[in-house]
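Heads up, target_16.cif below (mmCIF, C-alpha atoms (C1' of nucleotides)):
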data_start
#
loop_
_atom_site.group_PDB
_atom_site.id
_atom_site.type_symbol
_atom_site.label_atom_id
_atom_site.label_comp_id
_atom_site.auth_asym_id
_atom_site.auth_seq_id
_atom_site.Cartn_x
_atom_site.Cartn_y
_atom_site.Cartn_z
ATOM 1 C CA MET A 1 12.622 17.776 2.917
ATOM 2 C CA LEU A 2 13.795 14.333 1.827
ATOM 3 C CA ASP A 3 15.137 14.335 -1.728
ATOM 4 C CA GLU A 4 15.600 11.630 -4.336
ATOM 5 C CA ALA A 5 19.022 10.614 -2.996
ATOM 6 C CA PHE A 6 17.328 9.367 0.163
ATOM 7 C CA PHE A 7 15.342 6.887 -1.917
ATOM 8 C CA ARG A 8 18.294 5.782 -4.022
ATOM 9 C CA ARG A 9 19.075 3.071 -1.479
ATOM 10 C CA ASP A 10 17.906 -0.350 -0.490
ATOM 11 C CA ALA A 11 14.196 -0.573 0.306
ATOM 12 C CA VAL A 12 14.843 -2.161 3.702
ATOM 13 C CA ALA A 13 17.106 0.721 4.758
ATOM 14 C CA VAL A 14 14.658 3.303 3.432
ATOM 15 C CA ALA A 15 11.758 1.604 5.217
ATOM 16 C CA GLN A 16 13.559 1.850 8.550
ATOM 17 C CA ASP A 17 14.750 5.405 7.961
ATOM 18 C CA LEU A 18 11.255 6.625 7.090
ATOM 19 C CA LEU A 19 10.033 5.798 10.599
ATOM 20 C CA GLY A 20 9.747 9.044 12.541
ATOM 21 C CA CYS A 21 9.692 11.184 9.391
ATOM 22 C CA VAL A 22 6.715 13.437 8.672
ATOM 23 C CA LEU A 23 4.416 12.678 5.752
ATOM 24 C CA LEU A 24 2.755 15.787 4.329
ATOM 25 C CA HIS A 25 0.016 16.364 1.793
ATOM 26 C CA GLY A 26 -1.398 19.869 1.667
ATOM 27 C CA ASP A 27 -2.634 20.785 5.107
ATOM 28 C CA VAL A 28 -2.641 17.253 6.506
ATOM 29 C CA GLY A 29 0.377 15.518 7.963
ATOM 30 C CA GLY A 30 1.698 13.091 10.525
ATOM 31 C CA ILE A 31 4.570 10.948 11.692
ATOM 32 C CA ILE A 32 5.273 7.731 9.802
ATOM 33 C CA VAL A 33 5.072 4.905 12.367
ATOM 34 C CA GLU A 34 4.804 1.740 10.245
ATOM 35 C CA THR A 35 6.384 0.695 6.938
ATOM 36 C CA GLU A 36 7.103 -2.388 4.852
ATOM 37 C CA ALA A 37 9.899 -3.014 2.359
ATOM 38 C CA TYR A 38 9.420 -4.745 -0.972
ATOM 39 C CA ARG A 39 12.131 -5.479 -3.489
ATOM 40 C CA ASP A 40 12.955 -8.567 -5.541
ATOM 41 C CA ASP A 41 11.064 -11.056 -3.370
ATOM 42 C CA PRO A 42 8.070 -13.369 -3.834
ATOM 43 C CA ALA A 43 5.505 -10.856 -2.508
ATOM 44 C CA SER A 44 6.782 -7.899 -4.518
ATOM 45 C CA HIS A 45 4.930 -6.154 -7.326
ATOM 46 C CA ALA A 46 8.291 -5.847 -9.074
ATOM 47 C CA VAL A 47 7.507 -9.126 -10.851
ATOM 48 C CA LEU A 48 4.481 -7.591 -12.628
ATOM 49 C CA ARG A 49 5.202 -6.968 -16.292
ATOM 50 C CA GLY A 50 2.864 -3.980 -16.692
ATOM 51 C CA PRO A 51 3.319 -0.328 -15.667
ATOM 52 C CA ARG A 52 3.048 -1.152 -11.970
ATOM 53 C CA GLY A 53 6.083 -3.390 -11.943
ATOM 54 C CA ARG A 54 7.949 -1.030 -14.235
ATOM 55 C CA LEU A 55 7.544 1.852 -11.772
ATOM 56 C CA MET A 56 9.148 -0.311 -9.075
ATOM 57 C CA ARG A 57 11.926 -1.505 -11.315
ATOM 58 C CA GLU A 58 12.796 1.704 -13.118
ATOM 59 C CA THR A 59 12.256 4.614 -10.708
ATOM 60 C CA TYR A 60 13.139 5.823 -7.258
ATOM 61 C CA GLY A 61 11.778 8.730 -5.248
ATOM 62 C CA ARG A 62 8.346 8.386 -6.900
ATOM 63 C CA LEU A 63 4.922 7.668 -5.466
ATOM 64 C CA TYR A 64 3.531 4.263 -6.341
ATOM 65 C CA VAL A 65 -0.181 4.291 -5.558
ATOM 66 C CA TYR A 66 -2.449 1.405 -6.490
ATOM 67 C CA LEU A 67 -5.995 0.239 -5.840
ATOM 68 C CA ILE A 68 -6.348 -2.950 -3.831
ATOM 69 C CA TYR A 69 -9.466 -5.096 -3.282
ATOM 70 C CA GLY A 70 -11.476 -2.719 -5.422
ATOM 71 C CA MET A 71 -11.732 -0.038 -2.750
ATOM 72 C CA HIS A 72 -8.537 0.894 -0.965
ATOM 73 C CA TYR A 73 -5.470 2.744 -2.133
ATOM 74 C CA CYS A 74 -1.983 1.950 -0.903
ATOM 75 C CA LEU A 75 0.876 4.459 -0.876
ATOM 76 C CA ASN A 76 4.468 3.458 -1.609
ATOM 77 C CA PHE A 77 7.681 5.280 -2.364
ATOM 78 C CA THR A 78 9.924 3.639 -4.951
ATOM 79 C CA THR A 79 13.560 2.991 -4.119
ATOM 80 C CA ASP A 80 16.645 1.840 -5.981
ATOM 81 C CA ALA A 81 19.805 0.087 -4.906
ATOM 82 C CA GLY A 82 20.563 -1.473 -8.248
ATOM 83 C CA GLY A 83 17.346 -3.503 -8.222
ATOM 84 C CA PRO A 84 13.592 -2.949 -7.855
ATOM 85 C CA GLY A 85 12.260 -1.585 -4.598
ATOM 86 C CA ALA A 86 9.428 0.214 -2.839
ATOM 87 C CA VAL A 87 8.347 1.033 0.690
ATOM 88 C CA LEU A 88 4.690 0.709 1.662
ATOM 89 C CA ILE A 89 3.567 3.327 4.164
ATOM 90 C CA ARG A 90 1.228 1.413 6.472
ATOM 91 C CA ALA A 91 0.426 3.907 9.216
ATOM 92 C CA VAL A 92 0.879 7.506 10.295
ATOM 93 C CA ALA A 93 0.290 9.227 13.630
ATOM 94 C CA PRO A 94 -1.654 12.371 12.657
ATOM 95 C CA THR A 95 -0.214 15.731 13.714
ATOM 96 C CA HIS A 96 -1.764 18.253 11.315
ATOM 97 C CA GLY A 97 -5.158 18.662 9.712
ATOM 98 C CA LEU A 98 -7.007 16.185 11.902
ATOM 99 C CA ASP A 99 -10.341 17.831 11.178
ATOM 100 C CA ARG A 100 -9.667 17.512 7.470
ATOM 101 C CA MET A 101 -8.906 13.817 7.918
ATOM 102 C CA GLN A 102 -12.072 13.301 9.942
ATOM 103 C CA ALA A 103 -14.045 14.836 7.110
ATOM 104 C CA ARG A 104 -12.573 12.380 4.614
ATOM 105 C CA VAL A 105 -12.876 9.084 6.475
ATOM 106 C CA LEU A 106 -16.071 7.022 6.245
ATOM 107 C CA ARG A 107 -17.134 7.311 9.859
ATOM 108 C CA PRO A 108 -15.945 9.100 13.003
ATOM 109 C CA LEU A 109 -12.656 7.723 14.296
ATOM 110 C CA PRO A 110 -10.422 8.503 17.259
ATOM 111 C CA PRO A 111 -7.362 10.520 16.167
ATOM 112 C CA HIS A 112 -4.891 7.639 16.404
ATOM 113 C CA GLU A 113 -7.033 5.544 14.043
ATOM 114 C CA LEU A 114 -7.416 8.125 11.276
ATOM 115 C CA ALA A 115 -4.356 6.909 9.356
ATOM 116 C CA ARG A 116 -3.853 3.464 10.910
ATOM 117 C CA GLY A 117 -3.567 0.954 8.082
ATOM 118 C CA PRO A 118 -2.570 1.658 4.475
ATOM 119 C CA GLY A 119 -6.101 2.042 3.117
ATOM 120 C CA ARG A 120 -7.280 4.409 5.795
ATOM 121 C CA LEU A 121 -4.082 6.393 5.544
ATOM 122 C CA CYS A 122 -4.684 7.131 1.870
ATOM 123 C CA ARG A 123 -8.292 8.047 2.527
ATOM 124 C CA ALA A 124 -7.442 10.368 5.425
ATOM 125 C CA PHE A 125 -4.646 11.988 3.410
ATOM 126 C CA GLY A 126 -6.656 12.283 0.199
ATOM 127 C CA ILE A 127 -4.149 10.223 -1.766
ATOM 128 C CA GLY A 128 -5.362 8.233 -4.786
ATOM 129 C CA ARG A 129 -4.479 7.133 -8.291
ATOM 130 C CA GLU A 130 -3.975 10.694 -9.480
ATOM 131 C CA HIS A 131 -0.798 10.748 -7.371
ATOM 132 C CA ASN A 132 0.691 7.627 -8.922
ATOM 133 C CA GLY A 133 4.083 8.371 -10.471
ATOM 134 C CA ASP A 134 4.479 11.756 -8.744
ATOM 135 C CA ARG A 135 7.948 12.710 -7.636
ATOM 136 C CA VAL A 136 8.216 12.906 -3.876
ATOM 137 C CA GLY A 137 7.978 16.593 -3.018
ATOM 138 C CA ASP A 138 5.588 17.472 -5.855
ATOM 139 C CA ARG A 139 2.350 17.163 -3.937
ATOM 140 C CA VAL A 140 3.228 14.653 -1.246
ATOM 141 C CA SER A 141 6.448 15.299 0.644
ATOM 142 C CA VAL A 142 8.434 13.832 3.520
ATOM 143 C CA LEU A 143 10.312 15.794 6.180
ATOM 144 C CA PRO A 144 13.395 14.323 7.854
ATOM 145 C CA ARG A 145 13.055 12.990 11.363
ATOM 146 C CA GLN A 146 14.790 14.443 14.385
ATOM 147 C CA GLY A 147 16.546 11.738 16.316
ATOM 148 C CA ARG A 148 16.204 8.031 15.806
ATOM 149 C CA PRO A 149 13.127 6.188 17.048
ATOM 150 C CA ALA A 150 13.130 2.668 18.464
ATOM 151 C CA ILE A 151 12.346 0.209 15.687
ATOM 152 C CA ALA A 152 10.580 -3.138 15.951
ATOM 153 C CA THR A 153 10.466 -5.770 13.211
ATOM 154 C CA SER A 154 7.963 -8.372 12.042
ATOM 155 C CA PRO A 155 6.814 -10.276 8.956
ATOM 156 C CA ARG A 156 4.849 -8.228 6.460
ATOM 157 C CA ILE A 157 1.077 -8.194 6.728
ATOM 158 C CA GLY A 158 -1.507 -9.513 4.301
ATOM 159 C CA ILE A 159 0.840 -11.464 2.049
ATOM 160 C CA THR A 160 0.910 -15.190 1.319
ATOM 161 C CA LYS A 161 4.441 -15.508 -0.048
ATOM 162 C CA GLY A 162 7.642 -14.166 1.489
ATOM 163 C CA ARG A 163 6.432 -14.501 5.052
ATOM 164 C CA ASP A 164 9.889 -15.491 6.237
ATOM 165 C CA LEU A 165 11.278 -12.029 5.584
ATOM 166 C CA LEU A 166 11.120 -9.583 8.500
ATOM 167 C CA TRP A 167 10.546 -6.512 6.394
ATOM 168 C CA ARG A 168 7.814 -4.781 8.366
ATOM 169 C CA PHE A 169 9.081 -2.014 10.628
ATOM 170 C CA TYR A 170 7.219 -0.010 13.229
ATOM 171 C CA ILE A 171 7.714 2.226 16.231
ATOM 172 C CA PRO A 172 6.855 0.203 19.354
ATOM 173 C CA ASP A 173 4.045 1.350 21.665
ATOM 174 C CA GLU A 174 2.638 3.688 19.041
ATOM 175 C CA PRO A 175 -1.182 3.584 19.121
ATOM 176 C CA SER A 176 -1.334 4.413 15.409
ATOM 177 C CA VAL A 177 0.441 1.188 14.430
ATOM 178 C CA SER A 178 -1.966 -1.326 12.912
ATOM 179 C CA ARG A 179 -2.853 -4.432 14.889
ATOM 180 C CA PHE A 180 -0.690 -7.470 14.227
ATOM 181 C CA ARG A 181 -2.615 -10.447 12.935
ATOM 182 C "C1'" DC B 182 -15.615 -14.421 10.165
ATOM 183 C "C1'" DA B 183 -17.315 -13.030 5.546
ATOM 184 C "C1'" DA B 184 -18.498 -9.686 2.259
ATOM 185 C "C1'" DG B 185 -17.571 -5.946 -0.633
ATOM 186 C "C1'" DT B 186 -15.214 -3.954 -4.776
ATOM 187 C "C1'" DG B 187 -12.801 -3.053 -9.455
ATOM 188 C "C1'" DA B 188 -8.350 -2.495 -11.748
ATOM 189 C "C1'" DT B 189 -4.596 -5.158 -13.333
ATOM 190 C "C1'" DT B 190 -2.436 -9.051 -15.163
ATOM 191 C "C1'" DA B 191 -1.244 -13.470 -17.193
ATOM 192 C "C1'" DG B 192 -2.553 -16.781 -20.096
ATOM 193 C "C1'" DC B 193 -5.120 -18.121 -23.502
ATOM 194 C "C1'" DT B 194 -7.261 -17.808 -28.478
ATOM 195 C "C1'" DG C 195 -8.989 -9.689 -28.387
ATOM 196 C "C1'" DC C 196 -11.182 -12.093 -24.074
ATOM 197 C "C1'" DT C 197 -11.593 -14.277 -19.474
ATOM 198 C "C1'" DA C 198 -10.707 -15.573 -14.947
ATOM 199 C "C1'" DA C 199 -7.850 -15.122 -11.029
ATOM 200 C "C1'" DT C 200 -5.692 -12.318 -7.948
ATOM 201 C "C1'" DC C 201 -5.208 -8.776 -4.596
ATOM 202 C "C1'" DA C 202 0.738 -5.328 0.275
ATOM 203 C "C1'" DC C 203 -7.598 -4.039 3.055
ATOM 204 C "C1'" DT C 204 -11.605 -2.437 6.006
ATOM 205 C "C1'" DT C 205 -15.874 -2.957 8.010
ATOM 206 C "C1'" DG C 206 -19.780 -4.870 10.161
ATOM 207 C "C1'" DT C 207 -21.892 -9.239 11.973
#
Since I need it in another form, could you write the structure as structure tokens?
Amino acid sequence: MLDEAFFRRDAVAVAQDLLGCVLLHGDVGGIIVETEAYRDDPASHAVLRGPRGRLMRETYGRLYVYLIYGMHYCLNFTTDAGGPGAVLIRAVAPTHGLDRMQARVLRPLPPHELARGPGRLCRAFGIGREHNGDRVGDRVSVLPRQGRPAIATSPRIGITKGRDLLWRFYIPDEPSVSRFR
DNA sequence: CAAGTGATTAGCT
DNA sequence: GCTAATCACTTGT
């Protein structure tokens, strides 16, 4: 299982190294296929003065879970390389507990869509605000990958500032990767 | 393409 | 204290 030392690095490196790892929560799990890095950049929540920004600035190896647009949760892991950092988990290819995921999502979905996109991922995995601040490994854990997957790069999705940075990473030709807009 | 949804935050008073 | 703006998304038309 990945420990805190793994996350005590730059968010961009962690984002790339999480691809191919297995995300686990209880009896559901899958392979991480899409991530985004955030650190001290215009789109980062590190600038927020409240508890959300503080988690990014002052911790590593913790879950940062927040509600977005009033209805979706997003899962991040905090990182640290001497500055603020977090990695958004955008998509997972389900491997375990698919029936459990089906039961949690709003409507029937093909397996590769169950955890495609950050909001759906949290819903399928049963991750919400109660997990915010958890240490990785408490309830949600990550298993190391075997081998090194191919990695593709793009701008991050859904942001208005910081579009020049190529900090989205994904495994090419993976059907569980969200559609590029 | 537009609506839906509510917590968080900054910027006032 | 209060208010308004913002928001790392998904779904259905």
So which residues touch DA183 in chain B within 12 Å, counting all atoms listed in the file, skipping near sequence neighbours fewer than 6 positions away, as a PDB file with C-alpha atoms (C1' of nucleotides), keeping the file's coordinate frame?
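Output file result.pdb is given in full below:
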ATOM      1  C1'  DT C 205     -15.874  -2.957   8.010  1.00  0.00           C
ATOM      2  C1'  DG C 206     -19.780  -4.870  10.161  1.00  0.00           C
ATOM      3  C1'  DT C 207     -21.892  -9.239  11.973  1.00  0.00           C
TER       4       DT C 207
END
Review point. Can you list what the PyMOL selection byres ((chain C) within 10 of (chain A)) grabs from this structure, as number ranges by chain?
Key: C: 200-204
Review point. What residues come out when you apply the PyMOL selection byres ((chain B) within 10 of (chain A)) to this file, written as an MDAnalysis selection string?
Key: chainID B and resid 185:191
Point to revise | Result set, the PyMOL selection byres ((chain A and resi 166) around 8) on current file, as an MDAnalysis selection string | key: chainID A and resid 153:156 163:165 167:168
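Taking CA of Phe180 in chain A as the reference point, CA of Ala91 in chain A is found at 12.5 Å.
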Revision key, fill the gap. Correct to one decimal, the distance CA of Ala11 in chain A-CA of Thr95 in chain A is 25.6 Å
**Study point:** One-decimal distance in Å that lies between CA of Gly20 in chain A and CA of Leu63 in chain A
**Key:** 18.7 Å
Give me the box for range 185-189 of chain B as JSON, namely the centre and edge lengths in Å to one decimal of a box along x, y and z that holds every listed atom plus 8 Å on each side.
{"center_x": -11.1, "center_y": -4.2, "center_z": -7.0, "size_x": 29.0, "size_y": 19.5, "size_z": 28.7}
Write range 133-144 of chain A as a PDB file, in the frame of the given file, completed to all heavy atoms.
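Output (part_25.pdb):
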ATOM      1  N   GLY A 133       2.996   7.914  -9.609  1.00  0.00           N
ATOM      2  CA  GLY A 133       4.083   8.371 -10.471  1.00  0.00           C
ATOM      3  C   GLY A 133       4.642   9.734 -10.102  1.00  0.00           C
ATOM      4  O   GLY A 133       5.675  10.135 -10.628  1.00  0.00           O
ATOM      5  N   ASP A 134       3.972  10.463  -9.213  1.00  0.00           N
ATOM      6  CA  ASP A 134       4.479  11.756  -8.744  1.00  0.00           C
ATOM      7  C   ASP A 134       5.896  11.616  -8.182  1.00  0.00           C
ATOM      8  O   ASP A 134       6.220  10.614  -7.558  1.00  0.00           O
ATOM      9  CB  ASP A 134       3.598  12.281  -7.597  1.00  0.00           C
ATOM     10  CG  ASP A 134       2.484  13.187  -8.081  1.00  0.00           C
ATOM     11  OD1 ASP A 134       2.117  13.089  -9.266  1.00  0.00           O
ATOM     12  OD2 ASP A 134       1.992  13.977  -7.259  1.00  0.00           O
ATOM     13  N   ARG A 135       6.686  12.647  -8.375  1.00  0.00           N
ATOM     14  CA  ARG A 135       7.948  12.710  -7.636  1.00  0.00           C
ATOM     15  C   ARG A 135       7.633  13.079  -6.198  1.00  0.00           C
ATOM     16  O   ARG A 135       6.735  13.893  -5.938  1.00  0.00           O
ATOM     17  CB  ARG A 135       8.875  13.785  -8.218  1.00  0.00           C
ATOM     18  CG  ARG A 135       9.361  13.506  -9.593  1.00  0.00           C
ATOM     19  CD  ARG A 135      10.433  14.526  -9.974  1.00  0.00           C
ATOM     20  NE  ARG A 135      11.561  13.860 -10.596  1.00  0.00           N
ATOM     21  CZ  ARG A 135      11.603  13.538 -11.877  1.00  0.00           C
ATOM     22  NH1 ARG A 135      10.584  13.803 -12.672  1.00  0.00           N
ATOM     23  NH2 ARG A 135      12.663  12.941 -12.377  1.00  0.00           N
ATOM     24  N   VAL A 136       8.382  12.503  -5.263  1.00  0.00           N
ATOM     25  CA  VAL A 136       8.216  12.906  -3.876  1.00  0.00           C
ATOM     26  C   VAL A 136       8.602  14.380  -3.768  1.00  0.00           C
ATOM     27  O   VAL A 136       9.599  14.810  -4.341  1.00  0.00           O
ATOM     28  CB  VAL A 136       9.053  12.012  -2.933  1.00  0.00           C
ATOM     29  CG1 VAL A 136      10.537  12.120  -3.198  1.00  0.00           C
ATOM     30  CG2 VAL A 136       8.739  12.337  -1.486  1.00  0.00           C
ATOM     31  N   GLY A 137       7.742  15.154  -3.101  1.00  0.00           N
ATOM     32  CA  GLY A 137       7.978  16.593  -3.018  1.00  0.00           C
ATOM     33  C   GLY A 137       7.089  17.394  -3.944  1.00  0.00           C
ATOM     34  O   GLY A 137       6.935  18.604  -3.758  1.00  0.00           O
ATOM     35  N   ASP A 138       6.498  16.752  -4.965  1.00  0.00           N
ATOM     36  CA  ASP A 138       5.588  17.472  -5.855  1.00  0.00           C
ATOM     37  C   ASP A 138       4.326  17.879  -5.099  1.00  0.00           C
ATOM     38  O   ASP A 138       4.051  19.049  -4.911  1.00  0.00           O
ATOM     39  CB  ASP A 138       5.209  16.594  -7.048  1.00  0.00           C
ATOM     40  CG  ASP A 138       6.293  16.594  -8.117  1.00  0.00           C
ATOM     41  OD1 ASP A 138       7.291  17.316  -7.932  1.00  0.00           O
ATOM     42  OD2 ASP A 138       6.132  15.868  -9.111  1.00  0.00           O
ATOM     43  N   ARG A 139       3.564  16.899  -4.715  1.00  0.00           N
ATOM     44  CA  ARG A 139       2.350  17.163  -3.937  1.00  0.00           C
ATOM     45  C   ARG A 139       2.469  16.542  -2.556  1.00  0.00           C
ATOM     46  O   ARG A 139       2.104  17.148  -1.560  1.00  0.00           O
ATOM     47  CB  ARG A 139       1.124  16.617  -4.670  1.00  0.00           C
ATOM     48  CG  ARG A 139       0.787  17.438  -5.904  1.00  0.00           C
ATOM     49  CD  ARG A 139      -0.446  16.917  -6.586  1.00  0.00           C
ATOM     50  NE  ARG A 139      -0.174  15.728  -7.390  1.00  0.00           N
ATOM     51  CZ  ARG A 139      -1.041  15.201  -8.243  1.00  0.00           C
ATOM     52  NH1 ARG A 139      -2.241  15.737  -8.367  1.00  0.00           N
ATOM     53  NH2 ARG A 139      -0.728  14.134  -8.943  1.00  0.00           N
ATOM     54  N   VAL A 140       2.986  15.333  -2.521  1.00  0.00           N
ATOM     55  CA  VAL A 140       3.228  14.653  -1.246  1.00  0.00           C
ATOM     56  C   VAL A 140       4.717  14.770  -0.933  1.00  0.00           C
ATOM     57  O   VAL A 140       5.546  14.507  -1.800  1.00  0.00           O
ATOM     58  CB  VAL A 140       2.819  13.175  -1.341  1.00  0.00           C
ATOM     59  CG1 VAL A 140       3.186  12.429  -0.072  1.00  0.00           C
ATOM     60  CG2 VAL A 140       1.324  13.060  -1.641  1.00  0.00           C
ATOM     61  N   SER A 141       5.032  15.180   0.290  1.00  0.00           N
ATOM     62  CA  SER A 141       6.448  15.299   0.644  1.00  0.00           C
ATOM     63  C   SER A 141       6.717  14.661   1.997  1.00  0.00           C
ATOM     64  O   SER A 141       5.795  14.342   2.750  1.00  0.00           O
ATOM     65  CB  SER A 141       6.893  16.759   0.628  1.00  0.00           C
ATOM     66  OG  SER A 141       6.004  17.549   1.363  1.00  0.00           O
ATOM     67  N   VAL A 142       8.000  14.471   2.277  1.00  0.00           N
ATOM     68  CA  VAL A 142       8.434  13.832   3.520  1.00  0.00           C
ATOM     69  C   VAL A 142       9.512  14.704   4.156  1.00  0.00           C
ATOM     70  O   VAL A 142      10.472  15.086   3.494  1.00  0.00           O
ATOM     71  CB  VAL A 142       8.998  12.421   3.261  1.00  0.00           C
ATOM     72  CG1 VAL A 142       9.370  11.750   4.579  1.00  0.00           C
ATOM     73  CG2 VAL A 142       7.999  11.560   2.495  1.00  0.00           C
ATOM     74  N   LEU A 143       9.324  15.008   5.448  1.00  0.00           N
ATOM     75  CA  LEU A 143      10.312  15.794   6.180  1.00  0.00           C
ATOM     76  C   LEU A 143      11.194  14.870   6.995  1.00  0.00           C
ATOM     77  O   LEU A 143      10.708  13.867   7.529  1.00  0.00           O
ATOM     78  CB  LEU A 143       9.621  16.778   7.124  1.00  0.00           C
ATOM     79  CG  LEU A 143       8.562  17.686   6.512  1.00  0.00           C
ATOM     80  CD1 LEU A 143       8.035  18.666   7.560  1.00  0.00           C
ATOM     81  CD2 LEU A 143       9.127  18.446   5.309  1.00  0.00           C
ATOM     82  N   PRO A 144      12.486  15.185   7.090  1.00  0.00           N
ATOM     83  CA  PRO A 144      13.395  14.323   7.854  1.00  0.00           C
ATOM     84  C   PRO A 144      13.001  14.246   9.319  1.00  0.00           C
ATOM     85  O   PRO A 144      12.414  15.180   9.868  1.00  0.00           O
ATOM     86  CB  PRO A 144      14.760  14.981   7.705  1.00  0.00           C
ATOM     87  CG  PRO A 144      14.589  16.167   6.844  1.00  0.00           C
ATOM     88  CD  PRO A 144      13.146  16.370   6.545  1.00  0.00           C
TER      89      PRO A 144
END
